[in-house]
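In what follows, a single structure is set out as structure tokens and then discussed.
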Protein chains: 2
Amino acid sequence: MAKRLSVRDPVPSDIDIAQSLDPLPITEIAQSLGLDDDDFITYGPTKAKVKLEVLEKHRDTPNGNYVIVAGITPTPLGEGKSTTTVGLCQALGAYLGKRAVTCEFNLHLTGDIHAITAATNLMAAAIEARAFHEATQSDAALFGRLCPAGRDGARRFAPIMRRRLAKLGLEGAADPDALSEEDRRRFARLDIDPATITWRRVLDTNDRFLRGVTLGRGPKEAGHERESGFDIAVASEIMAVLALAGSLPDFRERLGAMVFASSKAGEPLTADDLGVSGALAVLLKDAILPTLMQARFLCFYQEGEGWKEGRGRTPDCSLEESIAQLVGRGSTTLEATPVLVHAGPFANIAHGNSSVIADRLALKLVGPEGYVVTEAGFGADIGLEKFMNIKCRASGLTPSAVVLVATDVALTRAGCANLARHVANAAAYGLPVLVAINRFATDTDAELEAVREEALAAGARAAVVCRHHALGGEGAVDLAQAVVEACAAPRPEFRFLYPPEMPIEEKIRTIAVKTYGAASVSFTPEALASIARFTEQGFGNLPVCMAKTQYSFSNDPAAKGAPTGFDLRVREVRASAGAGFIVPVCGDMMMMPGLPTRPAFFEIDLDTATGRVLGLS
Amino acid sequence: MAKRLSVRDPVPSDIDIAQSLDPLPITEIAQSLGLDDDDFITYGPTKAKVKLEVLEKHRDTPNGNYVIVAGITPTPLGEGKSTTTVGLCQALGAYLGKRAVTCEFNLHLTGDIHAITAATNLMAAAIEARAFHEATQSDAALFGRLCPAGRDGARRFAPIMRRRLAKLGLEGAADPDALSEEDRRRFARLDIDPATITWRRVLDTNDRFLRGVTLGRGPKEAGHERESGFDIAVASEIMAVLALAGSLPDFRERLGAMVFASSKAGEPLTADDLGVSGALAVLLKDAILPTLMQARFLCFYQEGEGWKEGRGRTPDCSLEESIAQLVGRGSTTLEATPVLVHAGPFANIAHGNSSVIADRLALKLVGPEGYVVTEAGFGADIGLEKFMNIKCRASGLTPSAVVLVATDVALTRAGCANLARHVANAAAYGLPVLVAINRFATDTDAELEAVREEALAAGARAAVVCRHHALGGEGAVDLAQAVVEACAAPRPEFRFLYPPEMPIEEKIRTIAVKTYGAASVSFTPEALASIARFTEQGFGNLPVCMAKTQYSFSNDPAAKGAPTGFDLRVREVRASAGAGFIVPVCGDMMMMPGLPTRPAFFEIDLDTATGRVLGLS
């Protein structure tokens, strides 16, 4: 499945090797997955959107093995999850001859993030306009404009209005003119309580001056000003909806169910109530298709901040050495593996996992003997816990094995304790846990062996030293072998951490105590009030999506290792009713980054003679 | 060049004909233009981006004929420019056997508008962040962060910083550490005067609550709040830059020259000074490629507001009649003509014309015997004037003929006077003017003949009655014939309305008096101060891009026909230094539309069973 590429001759002499390496045509990658020409739409030579009809076509194909890659609590050197994900997939494909697909986050290689931005902001404009029109019009005028008389003088409901009518118990209403005055008012007035609007605009730009804004400062909006702000686009609930939808109809329903505020009477108000949910679905009709690409694995020099995920080189190896290694091993270090790139919800306010639809598609495409490798954002206490209890609950898919990536762990005792707790947490789901130990040149054999023993003692099925940073897929062959064996072995039943019907407070407490090692959980009065309101509104059975720092099991980023005995304080609680989860917020969550004095853009330019991008490493 | 499509059998029975008509593969359209496979990149089956290398490849091919379609002052029934543009091109191609390409606005069919939004907002974030960092850091800290020491302890300038160094007369500076303290300060401190920031954020959403916003209301930005706002995305100067750039290097330079504010000393500050211009170019590297598509010309029913541009049907003809007509004429009414879709700057704050690059490309592709038909936004007093004096000045291209579209003109005496002035204005450029009279069922032969005579008396070379609304390209054959003859005939020299070195005030007066028929022009003190400042800053030789209502020659939308004797009041004057024009603003320009009580989105939904869009007519 994964293709090996041959190295160019003569030997390239510098970093240009990374840019000059031609990717395979995406049509070849698609063919290698058994996709027909009608199954996908190409977007340029290296990208294709896969149609959802493929799912239906492969309805009777059993799923492949489903491998989730998670990390320990991140250190300054990173976690190495992305390189392990791709390296493992390449080892499975190019070295062990298995059908293998990687499912990854959307790093806005396609226009999906723009579609999400547009949809989020259309909904914001719709909320604001509706509140404004309701504030400035009589009941009769409002109703008359919502259901204007046609050429024949008769009023009619738009089809989408049936959703609000049904919510009001007016399913049968066919003729707007036949509604009672009271029902007209109930239909036309959402009666938005401005203080409860939770829907924020988004931009895919780090713009700190948009974190807080006063809206409606134009002269025509005078008297209607409101405090709000912008988040970064990946924080939009629509991104989480895209990631959790299992099908197109499910996507449409989740969009309609998104809650943006309460009415003054305390009822949740949705995108369906606004009549905007159909337009959102149309804006997102291409974004719901996973994008097929290829991952290339290549050692190259990274100036400045050392090694980075997804682009690996061993940190001790210079540019020249790296290229020498690369060229010396000929065709074995340059590989292309199919990747389904889809969705990328923020891991601190949402669930931080790529899409259910891409995973479902990939599991069908690889078939029962194949492997789908996907990644969970942040450390396993966040990304893996949400993968299990939110994503797998939504998809109904059962994972086959967990790969836990340990980088830099040999250097510290705290690292080992941290690893051990993550292993134990992962094993508690009833899945085989494989620890991938990324070897650094500064690690001694004795240190690596100590880590291996710690991992096995904590319940790992195997712990394997990996060198895919330096060697590409070849460096992950031992790990791939261990994954194949683990997937083939009999295993205990998969277990969620909590049942959905557990009360919200209890769900939070379960995660905090069992996964984080907290002694207790405390709530602000605001948090308790929100929990009571969401329970009252019918959202009590949703899973919980914790918003907590990724730098510690606790809510104190400085508490390294495996802290115990702490209290987890829940400051506020939000609901993402369309995505389908409750968000307890612990501490300050950064929803809109800022730019430093010298942003990365200073390095970037376009070579206008060649059209090449300069300064992106 | 234009392809005729055959009608389906059996006869389709309703509006679905519009959606069910399969477009030709875009590769076929590309081949019909003589494009090789390497010359374009497909984006799905119906769109392709044309590479700029094609321009170089056809360097020695003489240009084709360059026909501009403009309108009279618009009436409630519209102007019919877009249908005439496409109909004419189809008549030239499918009926007269000429090579013909339409160049059109980007109606955000491709992702270009998103790229422009992202680039505009990145620049806004960069401005805000720079002002914030300058306000909160010492000179030394600021310089140290802009030029941080590398691993070897040495500081270095990013390549893009050479642009600011050159502006400060420090071209030769190689080593940041060697700069004097004063030069470090000058380099590091843009010293942005917050009151002069003209750069606004944009969104492609009608969101009235963003017209005016207070920025920086987050706790970490306290004390740095600022009043600003968002415009609709097409109003971004970047859209105008995209439309006016003649090549990739020219595009890069124009982006760098965009002015966002003055320093406290009154110097203009640019995207190059911010160091963000290279990143803008990279964000826009696909947007600078024109998108090849096909126009289909098809009669179909439009409920509600009557006939709409680009989709023509005669207003008197029902759905059934329209389809009967369509099907009755078999292969002659369904045609596909190649269209280069590129850029769409707002016609009220920018120049309202599609891109120079698309026109240049099309003129090469059709070759010396071929025809490129493009359209100017709004009435000819705005769109055509700007096409001539801004777009043709920037491109160096000389148009061959003007087609002036007259719709609904037979109904009113004011319409005839309006048409006559537009004809005379267009003829003053030294070009043949052809009047296309769109025939409506309510027009009598006598009325149409009266309009024809009026047009000829005003200086038109020909005036032709058209029925492409009902008949597709066949209905524009007479017009096409007249265009071919006009392009072949000897013609006087092309003349601009004013020389670039004329003072700004005089340029405004020339347009107002000669094109609009004004008796005088008056300026507010603010407008005069801006003109003085721009002249001082070296922008005095830029052409002028008037921001005026499109509903009258004057600045009073109610003054129909051909008003005279009025004063044109210039309220304020802006500069778009990268796009390369000065913008005198007369009256209130709406830069961000709002949503009505019942927005169009109420009609729109996605059929989740078929993936089809519902409610878009």
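Labels used: A, B, ... for chains in the order of the structure tokens, numbers from 1 for residues in each chain, and numbers from 1 for ligands as shown.
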
Output the contact residues of chain A with respect to chain B at a cut-off of 7 Å, based on only C-alpha atoms, as number ranges by chain. A: 41-44, 111, 114, 121-122, 125, 128-130, 133, 145-146, 158, 160, 205-207, 209-218, 221, 248-249, 275-276, 278-279, 281-282, 595, 597-598, 601-606, 608, 613

Write a file of the selected residues as a JSON list (two decimals), in the first residue's frame, keeping C-alpha atoms.
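Saved file selection_22.json follows:
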[["chain", "number", "residue", "atom", "x", "y", "z"],
["A", 41, "ILE", "CA", -12.44, 14.26, -6.97],
["A", 42, "THR", "CA", -8.90, 15.53, -7.53],
["A", 43, "TYR", "CA", -7.87, 18.96, -6.25],
["A", 44, "GLY", "CA", -4.66, 19.55, -8.07],
["A", 111, "GLY", "CA", -9.99, 24.68, 2.06],
["A", 114, "HIS", "CA", -12.09, 28.30, 5.37],
["A", 121, "ASN", "CA", -19.35, 33.47, 10.95],
["A", 122, "LEU", "CA", -22.53, 33.15, 8.90],
["A", 125, "ALA", "CA", -24.21, 37.12, 11.61],
["A", 128, "GLU", "CA", -26.91, 39.05, 15.59],
["A", 129, "ALA", "CA", -29.25, 40.04, 12.76],
["A", 130, "ARG", "CA", -32.11, 38.04, 14.23],
["A", 133, "HIS", "CA", -34.64, 42.53, 13.93],
["A", 145, "ARG", "CA", -41.24, 39.32, 7.04],
["A", 146, "LEU", "CA", -40.35, 35.76, 8.03],
["A", 158, "ALA", "CA", -39.83, 27.62, 4.16],
["A", 160, "ILE", "CA", -36.47, 24.51, 7.11],
["A", 205, "THR", "CA", -5.38, 34.12, 12.19],
["A", 206, "ASN", "CA", -3.54, 34.67, 15.47],
["A", 207, "ASP", "CA", -5.09, 38.02, 16.25],
["A", 209, "PHE", "CA", -6.95, 42.10, 19.48],
["A", 210, "LEU", "CA", -9.98, 40.03, 18.51],
["A", 211, "ARG", "CA", -10.03, 38.04, 21.76],
["A", 212, "GLY", "CA", -12.44, 40.60, 23.15],
["A", 213, "VAL", "CA", -14.40, 43.02, 20.96],
["A", 214, "THR", "CA", -17.40, 45.27, 21.38],
["A", 215, "LEU", "CA", -19.73, 44.53, 18.46],
["A", 216, "GLY", "CA", -22.26, 46.87, 16.89],
["A", 217, "ARG", "CA", -20.33, 50.12, 17.20],
["A", 218, "GLY", "CA", -21.56, 51.38, 13.83],
["A", 221, "GLU", "CA", -26.48, 49.55, 15.34],
["A", 248, "LEU", "CA", -24.04, 13.14, 5.88],
["A", 249, "PRO", "CA", -27.51, 12.92, 7.54],
["A", 275, "GLY", "CA", -33.17, 28.65, 9.89],
["A", 276, "VAL", "CA", -29.49, 28.77, 9.04],
["A", 278, "GLY", "CA", -29.25, 24.14, 5.85],
["A", 279, "ALA", "CA", -27.01, 26.90, 4.58],
["A", 281, "ALA", "CA", -24.54, 22.23, 5.56],
["A", 282, "VAL", "CA", -24.24, 23.59, 2.02],
["A", 595, "LEU", "CA", 1.72, 37.06, 17.38],
["A", 597, "THR", "CA", 7.36, 40.57, 18.14],
["A", 598, "ARG", "CA", 9.00, 38.66, 15.32],
["A", 601, "PHE", "CA", 6.13, 35.43, 8.65],
["A", 602, "PHE", "CA", 9.37, 37.42, 8.61],
["A", 603, "GLU", "CA", 11.07, 34.35, 7.12],
["A", 604, "ILE", "CA", 8.48, 33.68, 4.46],
["A", 605, "ASP", "CA", 8.42, 34.96, 0.90],
["A", 606, "LEU", "CA", 7.58, 33.93, -2.61],
["A", 608, "THR", "CA", 8.56, 35.36, -8.02],
["A", 613, "VAL", "CA", 7.85, 29.37, -1.33]]

Find the residues around stretch 400-402 of chain A up to 8 Å (only C-alpha atoms counted), leave out those fewer than 2 positions away in its own chain, and share them as a list of chain:residue names.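 Skipping anything fewer than 2 positions along the chain leaves A:Asn65, A:Tyr66, A:Val67, A:Ile68, A:Val69, A:Ala70, A:Thr398, A:Leu404, A:Ala426, A:Leu431, A:Pro432, A:Val433, A:Leu434, A:Val483, A:Ala486, A:Cys487.
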
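As for atom CA of A:Pro593 and atom CA of B:Ala287, they are spaced 26.2 Å apart.
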
Excluding A:Asp191 and any residue of its chain fewer than 3 positions from it, enumerate the residues within 9 Å of it, using only C-alpha atoms, and give them as a ChimeraX atom specification. /A:131,134-135,186,188,262-265

Output all heavy atoms of each residue in that selection to a file, as a compact mmCIF listing (two decimals), in the first residue's frame.
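New file selection_32.txt:
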# COMPACT_ATOMS: atom_id res chain seq x y z
N ALA A 131 -31.47 38.89 16.41
CA ALA A 131 -31.69 39.61 17.67
C ALA A 131 -32.02 41.07 17.37
O ALA A 131 -32.92 41.66 17.98
CB ALA A 131 -30.46 39.51 18.56
N GLU A 134 -35.54 41.33 15.86
CA GLU A 134 -36.57 41.10 16.89
C GLU A 134 -36.71 42.31 17.81
O GLU A 134 -37.79 42.64 18.28
CB GLU A 134 -36.25 39.84 17.70
CG GLU A 134 -36.45 38.57 16.89
CD GLU A 134 -36.49 37.30 17.75
OE1 GLU A 134 -36.76 37.40 18.96
OE2 GLU A 134 -36.26 36.22 17.17
N ALA A 135 -35.57 42.97 18.07
CA ALA A 135 -35.60 44.11 19.00
C ALA A 135 -36.24 45.33 18.38
O ALA A 135 -36.66 46.24 19.09
CB ALA A 135 -34.18 44.43 19.46
N ARG A 186 -44.79 32.98 19.11
CA ARG A 186 -43.84 31.95 19.56
C ARG A 186 -42.91 31.52 18.43
O ARG A 186 -41.74 31.27 18.64
CB ARG A 186 -44.59 30.72 20.08
CG ARG A 186 -45.31 30.94 21.41
CD ARG A 186 -46.20 29.74 21.73
NE ARG A 186 -45.43 28.51 21.90
CZ ARG A 186 -45.79 27.30 21.45
NH1 ARG A 186 -46.92 27.15 20.78
NH2 ARG A 186 -45.02 26.25 21.64
N ALA A 188 -42.12 33.32 15.65
CA ALA A 188 -41.28 34.39 15.08
C ALA A 188 -40.26 34.95 16.07
O ALA A 188 -39.21 35.44 15.67
CB ALA A 188 -42.18 35.53 14.58
N SER A 262 -29.60 30.86 25.09
CA SER A 262 -30.91 30.50 25.66
C SER A 262 -31.89 31.62 25.36
O SER A 262 -31.50 32.78 25.22
CB SER A 262 -30.81 30.32 27.18
OG SER A 262 -29.96 29.25 27.50
N SER A 263 -33.16 31.25 25.28
CA SER A 263 -34.19 32.29 25.22
C SER A 263 -34.32 32.92 26.60
O SER A 263 -33.79 32.40 27.58
CB SER A 263 -35.52 31.66 24.80
OG SER A 263 -36.00 30.86 25.86
N LYS A 264 -35.05 34.02 26.66
CA LYS A 264 -35.22 34.66 27.96
C LYS A 264 -35.95 33.74 28.93
O LYS A 264 -35.80 33.86 30.14
CB LYS A 264 -35.93 36.01 27.80
CG LYS A 264 -34.97 37.05 27.21
CD LYS A 264 -35.65 38.36 26.86
CE LYS A 264 -34.66 39.26 26.08
NZ LYS A 264 -35.36 40.15 25.14
N ALA A 265 -36.69 32.76 28.38
CA ALA A 265 -37.36 31.78 29.25
C ALA A 265 -36.45 30.61 29.60
O ALA A 265 -36.88 29.69 30.30
CB ALA A 265 -38.62 31.28 28.56

Write out as a PyMOL selection string all residues of stretch 390-435 of chain B that backbone DSSP assigns to alpha helix (DSSP H). chain B and resi 393-395+413-427

Which residues are near B:Arg393? Cut-off 9 Å, only C-alpha atoms, ignore same chain within fewer than 5 positions. Put them as a VMD selection string. chain B and resid 387 to 388 398 496 543

List the spatial neighbours of stretch 60-63 of chain A as a list in words - criterion: any atom at most 10 Å away, only C-alpha atoms, same-chain residues fewer than 5 positions off excluded. Leu55, Asp359, Arg360, Leu361, Ala362, Leu363, Lys364, Leu365, Val366, Gly367, Pro368, Glu369, Gly370, Tyr371, Val372 and Leu397 of chain A

Written file, previous selection with N, CA, C and O atoms, as a PDB file, in the first residue's frame:
ATOM      1  N   LEU A  55     -18.307   4.659   1.258  1.00  0.00           N
ATOM      2  CA  LEU A  55     -18.714   3.954   2.477  1.00  0.00           C
ATOM      3  C   LEU A  55     -19.833   2.959   2.174  1.00  0.00           C
ATOM      4  O   LEU A  55     -19.806   1.813   2.636  1.00  0.00           O
ATOM      5  N   ASP A 359     -11.973   7.843   9.465  1.00  0.00           N
ATOM      6  CA  ASP A 359     -11.618   6.544  10.058  1.00  0.00           C
ATOM      7  C   ASP A 359     -12.504   5.435   9.498  1.00  0.00           C
ATOM      8  O   ASP A 359     -12.024   4.352   9.149  1.00  0.00           O
ATOM      9  N   ARG A 360     -13.791   5.700   9.415  1.00  0.00           N
ATOM     10  CA  ARG A 360     -14.715   4.681   8.884  1.00  0.00           C
ATOM     11  C   ARG A 360     -14.333   4.311   7.464  1.00  0.00           C
ATOM     12  O   ARG A 360     -14.315   3.137   7.084  1.00  0.00           O
ATOM     13  N   LEU A 361     -14.051   5.341   6.677  1.00  0.00           N
ATOM     14  CA  LEU A 361     -13.676   5.136   5.278  1.00  0.00           C
ATOM     15  C   LEU A 361     -12.390   4.321   5.192  1.00  0.00           C
ATOM     16  O   LEU A 361     -12.286   3.346   4.427  1.00  0.00           O
ATOM     17  N   ALA A 362     -11.398   4.719   5.970  1.00  0.00           N
ATOM     18  CA  ALA A 362     -10.099   4.042   5.920  1.00  0.00           C
ATOM     19  C   ALA A 362     -10.217   2.592   6.355  1.00  0.00           C
ATOM     20  O   ALA A 362      -9.604   1.699   5.761  1.00  0.00           O
ATOM     21  N   LEU A 363     -11.032   2.327   7.381  1.00  0.00           N
ATOM     22  CA  LEU A 363     -11.184   0.953   7.881  1.00  0.00           C
ATOM     23  C   LEU A 363     -11.791   0.046   6.815  1.00  0.00           C
ATOM     24  O   LEU A 363     -11.462  -1.138   6.739  1.00  0.00           O
ATOM     25  N   LYS A 364     -12.679   0.619   5.983  1.00  0.00           N
ATOM     26  CA  LYS A 364     -13.247  -0.161   4.883  1.00  0.00           C
ATOM     27  C   LYS A 364     -12.206  -0.353   3.780  1.00  0.00           C
ATOM     28  O   LYS A 364     -12.095  -1.428   3.190  1.00  0.00           O
ATOM     29  N   LEU A 365     -11.460   0.709   3.494  1.00  0.00           N
ATOM     30  CA  LEU A 365     -10.522   0.644   2.370  1.00  0.00           C
ATOM     31  C   LEU A 365      -9.378  -0.331   2.638  1.00  0.00           C
ATOM     32  O   LEU A 365      -8.908  -0.998   1.724  1.00  0.00           O
ATOM     33  N   VAL A 366      -8.912  -0.399   3.868  1.00  0.00           N
ATOM     34  CA  VAL A 366      -7.808  -1.341   4.132  1.00  0.00           C
ATOM     35  C   VAL A 366      -8.338  -2.772   4.262  1.00  0.00           C
ATOM     36  O   VAL A 366      -7.583  -3.733   4.055  1.00  0.00           O
ATOM     37  N   GLY A 367      -9.597  -2.937   4.607  1.00  0.00           N
ATOM     38  CA  GLY A 367     -10.165  -4.281   4.724  1.00  0.00           C
ATOM     39  C   GLY A 367      -9.680  -4.996   5.979  1.00  0.00           C
ATOM     40  O   GLY A 367      -8.848  -4.471   6.729  1.00  0.00           O
ATOM     41  N   PRO A 368     -10.194  -6.206   6.213  1.00  0.00           N
ATOM     42  CA  PRO A 368      -9.986  -6.874   7.506  1.00  0.00           C
ATOM     43  C   PRO A 368      -8.526  -7.198   7.818  1.00  0.00           C
ATOM     44  O   PRO A 368      -8.176  -7.362   8.982  1.00  0.00           O
ATOM     45  N   GLU A 369      -7.680  -7.306   6.806  1.00  0.00           N
ATOM     46  CA  GLU A 369      -6.274  -7.610   7.067  1.00  0.00           C
ATOM     47  C   GLU A 369      -5.427  -6.331   7.165  1.00  0.00           C
ATOM     48  O   GLU A 369      -4.209  -6.417   7.335  1.00  0.00           O
ATOM     49  N   GLY A 370      -6.065  -5.190   7.008  1.00  0.00           N
ATOM     50  CA  GLY A 370      -5.305  -3.941   6.951  1.00  0.00           C
ATOM     51  C   GLY A 370      -5.300  -3.175   8.262  1.00  0.00           C
ATOM     52  O   GLY A 370      -5.883  -3.602   9.263  1.00  0.00           O
ATOM     53  N   TYR A 371      -4.632  -2.016   8.237  1.00  0.00           N
ATOM     54  CA  TYR A 371      -4.415  -1.241   9.453  1.00  0.00           C
ATOM     55  C   TYR A 371      -4.699   0.240   9.202  1.00  0.00           C
ATOM     56  O   TYR A 371      -4.219   0.800   8.211  1.00  0.00           O
ATOM     57  N   VAL A 372      -5.427   0.853  10.108  1.00  0.00           N
ATOM     58  CA  VAL A 372      -5.635   2.298  10.090  1.00  0.00           C
ATOM     59  C   VAL A 372      -4.961   2.852  11.336  1.00  0.00           C
ATOM     60  O   VAL A 372      -5.247   2.400  12.449  1.00  0.00           O
ATOM     61  N   LEU A 397     -17.088   2.554  16.754  1.00  0.00           N
ATOM     62  CA  LEU A 397     -15.921   1.754  16.356  1.00  0.00           C
ATOM     63  C   LEU A 397     -15.132   1.342  17.593  1.00  0.00           C
ATOM     64  O   LEU A 397     -15.046   2.096  18.562  1.00  0.00           O
TER      65      LEU A 397
END

Determine, counting only C-alpha atoms, which protein, DNA and RNA residues have an atom within 8 Å of an atom of A:Asp478; residues of the same chain fewer than 6 positions away are not included. Present the result as a list in words. Val464, Val465 and Cys466 of chain A

With N, CA, C and O atoms kept, could you save the residues just selected as a PDB file, in the first residue's frame?
ATOM      1  N   VAL A 464       8.925  -0.926  22.551  1.00  0.00           N
ATOM      2  CA  VAL A 464       9.829  -1.110  21.418  1.00  0.00           C
ATOM      3  C   VAL A 464      10.596   0.182  21.157  1.00  0.00           C
ATOM      4  O   VAL A 464       9.999   1.260  21.085  1.00  0.00           O
ATOM      5  N   VAL A 465      11.912   0.070  21.011  1.00  0.00           N
ATOM      6  CA  VAL A 465      12.717   1.249  20.683  1.00  0.00           C
ATOM      7  C   VAL A 465      12.589   1.524  19.182  1.00  0.00           C
ATOM      8  O   VAL A 465      12.697   0.617  18.365  1.00  0.00           O
ATOM      9  N   CYS A 466      12.349   2.800  18.834  1.00  0.00           N
ATOM     10  CA  CYS A 466      12.099   3.171  17.436  1.00  0.00           C
ATOM     11  C   CYS A 466      13.136   4.160  16.944  1.00  0.00           C
ATOM     12  O   CYS A 466      13.614   5.013  17.704  1.00  0.00           O
TER      13      CYS A 466
END

Nearest to A:Thr27 among A:Thr198, A:Gln294, A:Thr407, A:Thr75, with distances taken over only C-alpha atoms: which residue is it? A:Gln294
